[in-house]
$ cat coords.txt   # compact mmCIF, C-alpha atoms and all ligand atoms
# COMPACT_ATOMS: atom_id res chain seq x y z
CA MET R 93 0.00 0.00 0.00
CA ARG R 94 2.77 2.33 1.00
CA SER R 95 4.82 1.70 -2.11
CA LYS R 96 1.70 2.25 -4.21
CA TYR R 97 1.28 5.69 -2.65
CA LEU R 98 4.93 6.42 -3.14
CA LEU R 99 4.75 5.55 -6.80
CA ILE R 100 1.64 7.68 -7.25
CA ALA R 101 3.34 10.54 -5.40
CA ILE R 102 6.33 10.35 -7.71
CA VAL R 103 4.11 10.32 -10.79
CA LEU R 104 2.23 13.29 -9.38
CA ILE R 105 5.42 15.22 -8.78
CA LEU R 106 6.28 14.77 -12.44
CA GLN R 107 2.82 15.73 -13.60
CA ALA R 108 1.75 18.55 -11.32
CA CYS R 109 4.02 21.51 -10.97
CA SER R 110 2.05 22.74 -7.97
CA LEU R 111 3.28 19.92 -5.75
CA ILE R 112 6.92 20.85 -5.72
CA PRO R 113 8.27 24.35 -6.32
CA ASP R 114 10.41 25.08 -9.37
CA THR R 115 14.10 25.23 -8.65
CA GLY R 116 14.78 28.45 -6.86
CA GLU R 117 11.13 29.31 -6.44
CA MET R 118 11.19 28.75 -2.70
CA GLU R 119 14.37 30.72 -2.12
CA SER R 120 13.29 33.65 -0.05
CA HIS R 121 13.50 36.67 -2.25
CA GLY R 122 13.09 39.85 -0.27
CA THR R 123 12.54 40.34 3.43
CA TRP R 124 10.06 38.30 5.46
CA LEU R 125 8.62 38.89 8.89
CA GLN R 126 7.32 35.86 10.75
CA ALA R 127 4.35 35.09 12.98
CA LYS R 128 3.02 31.84 14.41
CA SER R 129 -0.39 30.58 15.39
CA GLU R 130 -1.29 27.08 16.58
CA HIS R 131 -1.31 25.43 13.14
CA TYR R 132 0.60 27.89 10.96
CA VAL R 133 3.83 29.77 10.50
CA TYR R 134 3.21 32.94 8.47
CA TYR R 135 5.84 34.77 6.45
CA TYR R 136 4.81 38.25 5.32
CA ARG R 137 6.33 41.47 4.03
CA PRO R 138 7.17 44.40 6.34
CA ASN R 139 4.73 47.35 6.10
CA SER R 140 2.27 45.26 4.06
CA ALA R 141 -1.50 44.87 4.21
CA ALA R 142 -0.87 41.39 5.67
CA ALA R 143 1.35 42.88 8.38
CA ALA R 144 -1.45 45.26 9.37
CA ASP R 145 -4.05 42.45 9.42
CA ILE R 146 -1.94 39.54 10.72
CA ASP R 147 -4.17 39.01 13.79
CA LYS R 148 -7.28 38.78 11.61
CA ILE R 149 -5.51 36.44 9.18
CA GLU R 150 -4.46 34.15 12.06
CA ALA R 151 -7.99 34.02 13.48
CA GLU R 152 -9.58 33.18 10.13
CA GLN R 153 -6.97 30.55 9.19
CA GLU R 154 -7.26 28.79 12.56
CA ARG R 155 -11.05 28.80 12.25
CA VAL R 156 -10.89 27.26 8.79
CA PHE R 157 -8.22 24.70 9.81
CA THR R 158 -10.52 23.24 12.47
CA GLN R 159 -13.57 23.38 10.23
CA LEU R 160 -11.79 21.64 7.33
CA ASN R 161 -10.63 18.75 9.54
CA LYS R 162 -14.22 18.34 10.67
CA LEU R 163 -15.75 18.50 7.18
CA LEU R 164 -13.10 16.25 5.63
CA GLY R 165 -13.08 13.76 8.53
CA THR R 166 -9.32 14.18 8.98
CA HIS R 167 -7.01 14.78 11.96
CA TYR R 168 -4.34 16.69 10.12
CA ASN R 169 -2.17 18.37 12.72
CA GLN R 170 1.05 19.57 11.10
CA LYS R 171 2.06 23.20 10.87
CA ILE R 172 1.35 24.88 7.54
CA HIS R 173 3.95 27.35 6.28
CA ALA R 174 2.17 30.26 4.60
CA TYR R 175 4.18 32.66 2.44
CA ILE R 176 2.03 35.77 2.05
CA PHE R 177 3.07 37.89 -0.92
CA ASN R 178 1.83 41.44 -1.46
CA ASP R 179 0.57 40.91 -4.99
CA LEU R 180 0.97 38.78 -8.13
CA ALA R 181 4.24 40.43 -9.17
CA ASP R 182 5.72 39.92 -5.71
CA ALA R 183 4.77 36.23 -5.87
CA GLY R 184 5.87 35.84 -9.49
CA PHE R 185 2.41 34.46 -10.35
CA THR R 186 1.25 34.83 -13.94
CA ASP R 187 -1.57 32.30 -14.17
CA LYS R 188 -2.71 31.80 -10.56
CA THR R 189 -3.38 33.64 -7.33
CA GLY R 190 -2.16 31.00 -4.91
CA GLN R 191 -0.64 27.54 -4.77
CA ALA R 192 -0.08 24.66 -2.40
CA PHE R 193 2.91 22.36 -2.01
CA PRO R 194 1.33 19.58 0.06
CA ILE R 195 4.49 17.51 0.53
CA LEU R 196 6.17 20.55 2.08
CA ASN R 197 3.09 21.68 4.06
CA THR R 198 3.56 25.01 2.36
CA ILE R 199 1.23 27.46 0.66
CA GLU R 200 2.01 30.62 -1.32
CA VAL R 201 -0.73 33.22 -1.31
CA ILE R 202 -1.35 36.92 -1.91
CA TYR R 203 -2.90 39.57 0.29
CA GLY R 204 -3.27 43.04 -1.17
CA LEU R 205 -4.15 45.02 -4.26
CA ASP R 206 -4.50 42.02 -6.58
CA GLY R 207 -6.84 40.26 -4.16
CA TYR R 208 -6.69 37.81 -1.30
CA THR R 209 -6.02 34.08 -1.19
CA ILE R 210 -5.63 33.91 2.59
CA GLY R 211 -7.31 35.42 5.61
CA LYS R 212 -10.72 36.13 4.04
CA ARG R 213 -13.72 33.94 4.65
CA GLY R 214 -14.25 31.57 1.73
CA ILE R 215 -10.92 31.70 -0.05
CA SER R 216 -9.15 31.03 3.28
CA ALA R 217 -10.05 27.34 2.82
CA HIS R 218 -8.77 26.69 -0.71
CA GLU R 219 -5.02 26.11 -0.40
CA VAL R 220 -5.39 24.61 3.09
CA ALA R 221 -7.89 22.09 1.68
CA HIS R 222 -5.20 20.98 -0.82
CA ILE R 223 -2.71 20.45 2.03
CA ILE R 224 -5.16 18.53 4.22
CA THR R 225 -6.70 16.31 1.51
CA PHE R 226 -3.28 15.32 0.15
CA ASN R 227 -1.76 14.57 3.55
CA GLY R 228 -4.91 13.28 5.26
CA TRP R 229 -6.39 11.25 2.39
CA GLY R 230 -3.57 10.69 -0.08
CA PRO R 231 -2.56 11.90 -3.51
CA THR R 232 -4.81 11.89 -6.58
CA ASP R 233 -4.21 12.58 -10.25
CA LEU R 234 -7.84 13.71 -10.59
CA ARG R 235 -7.72 17.49 -10.59
CA ILE R 236 -11.48 17.57 -11.08
CA LEU R 237 -11.63 16.20 -7.51
CA SER R 238 -8.64 18.00 -5.91
CA GLU R 239 -9.68 21.41 -7.27
CA GLY R 240 -13.33 20.47 -6.93
CA ILE R 241 -13.10 19.91 -3.20
CA ALA R 242 -10.87 22.99 -2.67
CA VAL R 243 -13.43 25.19 -4.44
CA TYR R 244 -16.34 23.52 -2.67
CA MET R 245 -14.63 24.01 0.72
CA GLU R 246 -14.52 27.75 0.01
CA HIS R 247 -18.31 27.60 0.10
CA ALA R 248 -18.75 24.99 2.82
CA THR R 249 -16.55 26.85 5.32
CA TYR R 250 -18.56 30.02 4.85
CA ASP R 251 -21.22 30.71 7.48
CA SER R 252 -23.94 29.74 5.09
CA GLU R 253 -23.71 28.01 1.77
CA ALA R 254 -25.28 31.01 0.07
CA ASP R 255 -22.09 31.66 -1.86
CA TYR R 256 -22.12 28.11 -3.26
CA GLY R 257 -24.55 29.62 -5.76
CA SER R 258 -21.72 31.35 -7.62
CA SER R 259 -20.31 28.04 -8.94
CA GLN R 260 -23.85 26.85 -9.65
CA MET R 261 -24.62 29.99 -11.62
CA ILE R 262 -21.57 29.50 -13.81
CA VAL R 263 -22.57 25.88 -14.45
CA ALA R 264 -26.12 26.96 -15.26
CA ALA R 265 -24.92 29.66 -17.66
CA LEU R 266 -22.53 27.25 -19.41
CA SER R 267 -25.26 24.65 -19.61
CA ALA R 268 -27.77 27.12 -21.07
CA HIS R 269 -25.32 27.92 -23.88
CA GLY R 270 -24.41 24.29 -24.48
CA ASN R 271 -20.86 24.93 -23.24
CA LEU R 272 -20.83 22.82 -20.09
CA PRO R 273 -17.86 20.43 -20.36
CA ASP R 274 -18.72 16.80 -19.80
CA ILE R 275 -17.37 15.38 -16.57
CA GLU R 276 -15.39 12.58 -18.20
CA SER R 277 -13.43 15.10 -20.32
CA LEU R 278 -12.85 17.30 -17.29
CA ALA R 279 -11.59 14.25 -15.39
CA SER R 280 -9.21 13.10 -18.12
CA ASP R 281 -8.14 16.48 -19.57
CA PHE R 282 -8.50 19.06 -16.82
CA GLU R 283 -5.64 21.24 -18.10
CA LYS R 284 -7.32 21.58 -21.49
CA PHE R 285 -10.07 23.80 -20.06
CA ASP R 286 -9.94 27.46 -19.11
CA THR R 287 -9.57 27.74 -15.33
CA ASN R 288 -12.60 30.07 -15.27
CA ILE R 289 -14.58 27.03 -16.38
CA SER R 290 -12.72 24.04 -14.91
CA TYR R 291 -12.58 25.38 -11.33
CA PRO R 292 -16.22 26.38 -10.78
CA VAL R 293 -17.55 23.37 -12.69
CA SER R 294 -15.38 21.00 -10.63
CA GLY R 295 -16.43 22.80 -7.44
CA SER R 296 -20.09 22.53 -8.31
CA PHE R 297 -19.86 18.84 -9.26
CA ALA R 298 -17.80 17.93 -6.18
CA GLY R 299 -20.26 19.81 -3.97
CA TYR R 300 -23.17 18.02 -5.58
CA ILE R 301 -21.82 14.49 -5.10
CA ILE R 302 -20.63 15.26 -1.56
CA ARG R 303 -24.04 16.60 -0.56
CA ARG R 304 -25.88 13.76 -2.24
CA PHE R 305 -23.66 10.79 -1.35
CA GLY R 306 -21.45 11.95 1.53
CA MET R 307 -17.78 12.68 2.16
CA GLU R 308 -16.64 9.07 2.70
CA LYS R 309 -17.53 8.02 -0.85
CA PHE R 310 -15.93 11.15 -2.24
CA ARG R 311 -12.77 10.33 -0.34
CA LYS R 312 -12.80 6.80 -1.79
CA LEU R 313 -13.12 8.13 -5.33
CA PHE R 314 -10.41 10.73 -4.60
CA THR R 315 -7.89 8.12 -3.47
CA GLU R 316 -8.84 5.17 -5.69
CA GLY R 317 -10.05 6.83 -8.89
CA ARG R 318 -7.75 7.55 -11.82
CA SER R 319 -8.12 10.13 -14.56
CA ASP R 320 -7.82 7.59 -17.37
CA HIS R 321 -10.78 5.46 -16.22
CA PHE R 322 -12.84 7.86 -14.16
CA THR R 323 -16.22 6.73 -15.50
CA GLU R 324 -15.60 3.13 -14.41
CA ASP R 325 -14.17 4.21 -11.05
CA PHE R 326 -17.17 6.45 -10.41
CA GLN R 327 -19.56 3.56 -11.12
CA SER R 328 -17.69 1.18 -8.82
CA VAL R 329 -17.55 3.65 -5.89
CA TYR R 330 -21.08 5.03 -6.16
CA GLY R 331 -22.93 2.07 -7.65
CA VAL R 332 -24.65 4.40 -10.12
CA SER R 333 -23.54 5.58 -13.54
CA LEU R 334 -21.65 8.82 -13.97
CA SER R 335 -23.97 9.89 -16.78
CA ASP R 336 -27.08 9.56 -14.57
CA VAL R 337 -25.54 11.62 -11.77
CA GLU R 338 -24.10 14.15 -14.22
CA ASN R 339 -27.50 14.53 -15.82
CA THR R 340 -29.27 15.24 -12.53
CA TRP R 341 -26.49 17.60 -11.42
CA SER R 342 -26.52 19.68 -14.61
CA HIS R 343 -30.32 19.95 -14.58
CA GLN R 344 -30.29 20.97 -10.95
CA SER R 345 -28.06 23.82 -12.07
CA ASP R 346 -30.71 24.92 -14.59
CA LYS R 347 -32.94 25.67 -11.63
CA SER R 348 -30.35 27.88 -9.98
CA LEU R 349 -30.31 30.08 -13.10
CA ALA R 350 -34.07 30.50 -12.90
CA GLN R 351 -34.00 31.66 -9.29
ZN ZN H 401 -6.47 24.82 -6.07

$ encode --input "coords.txt" --output "structure tokens" --more "lines below"
Ligand SMILES: [Zn+2]
Amino acid sequence: MRSKYLLIAIVLILQACSLIPDTGEMESHGTWLQAKSEHYVYYYRPNSAAAADIDKIEAEQERVFTQLNKLLGTHYNQKIHAYIFNDLADAGFTDKTGQAFPILNTIEVIYGLDGYTIGKRGISAHEVAHIITFNGWGPTDLRILSEGIAVYMEHATYDSEADYGSSQMIVAALSAHGNLPDIESLASDFEKFDTNISYPVSGSFAGYIIRRFGMEKFRKLFTEGRSDHFTEDFQSVYGVSLSDVENTWSHQSDKSLAQ
């Protein structure tokens, strides 16, 4: 079992650049201040927005840490290292606003003029969900599920699930125009799709199957499913066909557009 995980982890390292930083990427460029809370070490820039709000960031991240363990059924207890950059340029991000390196228990996020990927209710859960699912459940090559649960956790860790509607609305709009990607393609070719489509659609689908069938089954699919035979894996975990579930899910989204 262990060697199976190891092999998968190695394959994942080769496939997913977000798991391990590029050479030199983690070298600390610029000055960092440091703060600690129970489950995190924060690194942030002097005189930054994060420096001014560090107490608020700590409170929100601790709240979400506990809530994620509860929702995911995990007991993850390692310290997460959070590098908080001022903006996209400071982080060197061109195609993302945050990233997680689960093997290193490290996240890189922004807090400032370009937006927030830490410390604000909702988005506070995303990168932490990547760290906890990878270390608490195991690796997966199914980005539809790893991004799906991270996006869904943004909604589920909110006070209410009111904001879950935003992913649903995108799905409904795509569906109405005949542009909703089919789940099998998203599972096998996640990178092929625009992130403005792949992320919310994955979040909506993950949320739907979690709410309908529970977290334990989702976890089973996450750890045992593979991107090259997702349809078969879905059927064997859920005992129902992917197309049936996909059909109900996408029609449920039609309703959210009407509301
Ligand atoms: Zn993500």

$ closest_residue --input "coords.txt" --among "R:Thr123, R:Ser319, R:Ser216, R:Ser267" --to "ligand ZN 401 (chain H)" --atoms "only C-alpha atoms and all ligand atoms"
R:Ser216

$ closest_atom_pairs --input "coords.txt" --of "chain R" --to "ligand ZN 401 (chain H)" --cutoff "9 Å" --atoms "all atoms listed in the file" --output "tab-separated table"
residue	atom	partner	partner_atom	distance
R:Ser110	CA	H:ZN401	ZN	9.0
R:Gly190	CA	H:ZN401	ZN	7.6
R:Gln191	CA	H:ZN401	ZN	6.6
R:Ala192	CA	H:ZN401	ZN	7.4
R:His218	CA	H:ZN401	ZN	6.1
R:Glu219	CA	H:ZN401	ZN	6.0
R:Ala221	CA	H:ZN401	ZN	8.3
R:His222	CA	H:ZN401	ZN	6.6
R:Arg235	CA	H:ZN401	ZN	8.7
R:Ser238	CA	H:ZN401	ZN	7.2
R:Glu239	CA	H:ZN401	ZN	4.8
R:Gly240	CA	H:ZN401	ZN	8.2
R:Ile241	CA	H:ZN401	ZN	8.7
R:Ala242	CA	H:ZN401	ZN	5.9
R:Val243	CA	H:ZN401	ZN	7.2
R:Tyr291	CA	H:ZN401	ZN	8.1

$ closest_residue --input "coords.txt" --among "R:Ala248, R:Val156, R:Asn178, R:Tyr168" --to "Ala144 in chain R" --atoms "all atoms listed in the file"
R:Asn178

$ residues_around --input "coords.txt" --residues "Phe297 in chain R" --least-positions-apart "6" --cutoff "9 Å" --atoms "all atoms listed in the file" --output "mmCIF file with C-alpha atoms, keeping the file's coordinate frame"
data_model
loop_
_atom_site.group_PDB
_atom_site.id
_atom_site.type_symbol
_atom_site.label_atom_id
_atom_site.label_comp_id
_atom_site.auth_asym_id
_atom_site.auth_seq_id
_atom_site.Cartn_x
_atom_site.Cartn_y
_atom_site.Cartn_z
ATOM 1 C CA ILE R 236 -11.480 17.570 -11.080
ATOM 2 C CA LEU R 237 -11.630 16.200 -7.510
ATOM 3 C CA GLY R 240 -13.330 20.470 -6.930
ATOM 4 C CA TYR R 244 -16.340 23.520 -2.670
ATOM 5 C CA GLN R 260 -23.850 26.850 -9.650
ATOM 6 C CA ILE R 275 -17.370 15.380 -16.570
ATOM 7 C CA GLU R 338 -24.100 14.150 -14.220
ATOM 8 C CA TRP R 341 -26.490 17.600 -11.420
ATOM 9 C CA SER R 342 -26.520 19.680 -14.610
#

$ atom_distance --input "coords.txt" --atom1 "CA of Leu125 in chain R" --atom2 "CA of Gly228 in chain R"
29.2 Å

$ residues_around --input "coords.txt" --residues "range 326-329 of chain R" --least-positions-apart "3" --cutoff "9 Å" --atoms "only C-alpha atoms" --output "list in words"
Lys309, Phe310, Lys312, Leu313, Glu316, Gly317, His321, Phe322, Thr323, Val332, Ser333 and Leu334 of chain R

$ atom_distance --input "coords.txt" --atom1 "CA of Ser140 in chain R" --atom2 "CA of Arg155 in chain R"
22.7 Å

$ residues_around --input "coords.txt" --residues "Phe185 in chain R" --least-positions-apart "3" --cutoff "12 Å" --atoms "only C-alpha atoms" --output "mmCIF file with C-alpha atoms, in the frame of the given file"
data_model
loop_
_atom_site.group_PDB
_atom_site.id
_atom_site.type_symbol
_atom_site.label_atom_id
_atom_site.label_comp_id
_atom_site.auth_asym_id
_atom_site.auth_seq_id
_atom_site.Cartn_x
_atom_site.Cartn_y
_atom_site.Cartn_z
ATOM 1 C CA SER R 110 2.050 22.740 -7.970
ATOM 2 C CA GLU R 117 11.130 29.310 -6.440
ATOM 3 C CA PHE R 177 3.070 37.890 -0.920
ATOM 4 C CA ASN R 178 1.830 41.440 -1.460
ATOM 5 C CA ASP R 179 0.570 40.910 -4.990
ATOM 6 C CA LEU R 180 0.970 38.780 -8.130
ATOM 7 C CA ALA R 181 4.240 40.430 -9.170
ATOM 8 C CA ASP R 182 5.720 39.920 -5.710
ATOM 9 C CA LYS R 188 -2.710 31.800 -10.560
ATOM 10 C CA THR R 189 -3.380 33.640 -7.330
ATOM 11 C CA GLY R 190 -2.160 31.000 -4.910
ATOM 12 C CA GLN R 191 -0.640 27.540 -4.770
ATOM 13 C CA GLU R 200 2.010 30.620 -1.320
ATOM 14 C CA VAL R 201 -0.730 33.220 -1.310
ATOM 15 C CA ILE R 202 -1.350 36.920 -1.910
ATOM 16 C CA ASP R 206 -4.500 42.020 -6.580
#

$ closest_residue --input "coords.txt" --among "R:Gln126, R:Gln159, R:Asn271, R:Asn227" --to "Ile176 in chain R" --atoms "only C-alpha atoms"
R:Gln126

$ build_atoms --input "coords.txt" --residues "range 209-245 of chain R" --atoms "N, CA and C atoms" --output "CSV table (one decimal), keeping the file's coordinate frame"
chain,number,residue,atom,x,y,z
R,209,THR,N,-5.8,35.5,-1.2
R,209,THR,CA,-6.0,34.1,-1.2
R,209,THR,C,-5.7,33.5,0.2
R,210,ILE,N,-5.7,34.3,1.2
R,210,ILE,CA,-5.6,33.9,2.6
R,210,ILE,C,-6.3,34.9,3.5
R,211,GLY,N,-6.8,34.5,4.6
R,211,GLY,CA,-7.3,35.4,5.6
R,211,GLY,C,-8.7,36.0,5.4
R,212,LYS,N,-9.3,35.7,4.3
R,212,LYS,CA,-10.7,36.1,4.0
R,212,LYS,C,-11.6,34.9,3.9
R,213,ARG,N,-12.8,35.0,4.6
R,213,ARG,CA,-13.7,33.9,4.6
R,213,ARG,C,-14.0,33.4,3.2
R,214,GLY,N,-14.0,32.1,3.1
R,214,GLY,CA,-14.2,31.6,1.7
R,214,GLY,C,-12.9,31.1,1.2
R,215,ILE,N,-12.2,32.0,0.6
R,215,ILE,CA,-10.9,31.7,0.0
R,215,ILE,C,-9.9,31.2,1.0
R,216,SER,N,-10.1,31.5,2.2
R,216,SER,CA,-9.2,31.0,3.3
R,216,SER,C,-9.0,29.5,3.3
R,217,ALA,N,-10.0,28.8,2.8
R,217,ALA,CA,-10.0,27.3,2.8
R,217,ALA,C,-9.3,26.7,1.7
R,218,HIS,N,-9.2,27.4,0.5
R,218,HIS,CA,-8.8,26.7,-0.7
R,218,HIS,C,-7.4,26.0,-0.6
R,219,GLU,N,-6.4,26.7,-0.4
R,219,GLU,CA,-5.0,26.1,-0.4
R,219,GLU,C,-4.9,25.1,0.8
R,220,VAL,N,-5.5,25.5,1.9
R,220,VAL,CA,-5.4,24.6,3.1
R,220,VAL,C,-6.1,23.3,2.8
R,221,ALA,N,-7.2,23.3,2.1
R,221,ALA,CA,-7.9,22.1,1.7
R,221,ALA,C,-7.0,21.2,0.8
R,222,HIS,N,-6.2,21.8,0.0
R,222,HIS,CA,-5.2,21.0,-0.8
R,222,HIS,C,-4.2,20.3,0.1
R,223,ILE,N,-3.7,21.0,1.1
R,223,ILE,CA,-2.7,20.4,2.0
R,223,ILE,C,-3.3,19.3,2.8
R,224,ILE,N,-4.6,19.5,3.3
R,224,ILE,CA,-5.2,18.5,4.2
R,224,ILE,C,-5.6,17.3,3.4
R,225,THR,N,-6.2,17.5,2.3
R,225,THR,CA,-6.7,16.3,1.5
R,225,THR,C,-5.5,15.5,1.1
R,226,PHE,N,-4.5,16.1,0.6
R,226,PHE,CA,-3.3,15.3,0.2
R,226,PHE,C,-2.7,14.5,1.3
R,227,ASN,N,-2.4,15.2,2.4
R,227,ASN,CA,-1.8,14.6,3.6
R,227,ASN,C,-2.7,13.7,4.4
R,228,GLY,N,-4.0,14.0,4.4
R,228,GLY,CA,-4.9,13.3,5.3
R,228,GLY,C,-5.5,12.1,4.5
R,229,TRP,N,-5.7,12.3,3.2
R,229,TRP,CA,-6.4,11.2,2.4
R,229,TRP,C,-5.4,10.5,1.5
R,230,GLY,N,-4.5,11.3,0.9
R,230,GLY,CA,-3.6,10.7,-0.1
R,230,GLY,C,-3.6,11.5,-1.4
R,231,PRO,N,-2.6,11.2,-2.3
R,231,PRO,CA,-2.6,11.9,-3.5
R,231,PRO,C,-3.6,11.4,-4.5
R,232,THR,N,-3.9,12.3,-5.5
R,232,THR,CA,-4.8,11.9,-6.6
R,232,THR,C,-4.3,12.5,-7.9
R,233,ASP,N,-4.5,11.9,-9.0
R,233,ASP,CA,-4.2,12.6,-10.2
R,233,ASP,C,-5.5,13.2,-10.9
R,234,LEU,N,-6.6,13.2,-10.1
R,234,LEU,CA,-7.8,13.7,-10.6
R,234,LEU,C,-8.0,15.2,-10.1
R,235,ARG,N,-7.6,16.1,-11.0
R,235,ARG,CA,-7.7,17.5,-10.6
R,235,ARG,C,-9.2,17.9,-10.5
R,236,ILE,N,-10.0,17.3,-11.2
R,236,ILE,CA,-11.5,17.6,-11.1
R,236,ILE,C,-11.9,17.4,-9.6
R,237,LEU,N,-11.3,16.4,-8.9
R,237,LEU,CA,-11.6,16.2,-7.5
R,237,LEU,C,-10.8,17.1,-6.6
R,238,SER,N,-9.5,17.2,-6.8
R,238,SER,CA,-8.6,18.0,-5.9
R,238,SER,C,-9.0,19.5,-6.0
R,239,GLU,N,-9.2,20.0,-7.2
R,239,GLU,CA,-9.7,21.4,-7.3
R,239,GLU,C,-11.1,21.5,-6.9
R,240,GLY,N,-11.9,20.5,-7.3
R,240,GLY,CA,-13.3,20.5,-6.9
R,240,GLY,C,-13.6,20.6,-5.4
R,241,ILE,N,-12.8,19.8,-4.7
R,241,ILE,CA,-13.1,19.9,-3.2
R,241,ILE,C,-12.5,21.2,-2.6
R,242,ALA,N,-11.4,21.7,-3.2
R,242,ALA,CA,-10.9,23.0,-2.7
R,242,ALA,C,-11.8,24.1,-2.9
R,243,VAL,N,-12.4,24.1,-4.1
R,243,VAL,CA,-13.4,25.2,-4.4
R,243,VAL,C,-14.7,25.0,-3.6
R,244,TYR,N,-15.1,23.8,-3.5
R,244,TYR,CA,-16.3,23.5,-2.7
R,244,TYR,C,-16.1,23.9,-1.2
R,245,MET,N,-14.9,23.6,-0.7
R,245,MET,CA,-14.6,24.0,0.7
R,245,MET,C,-14.7,25.5,0.9
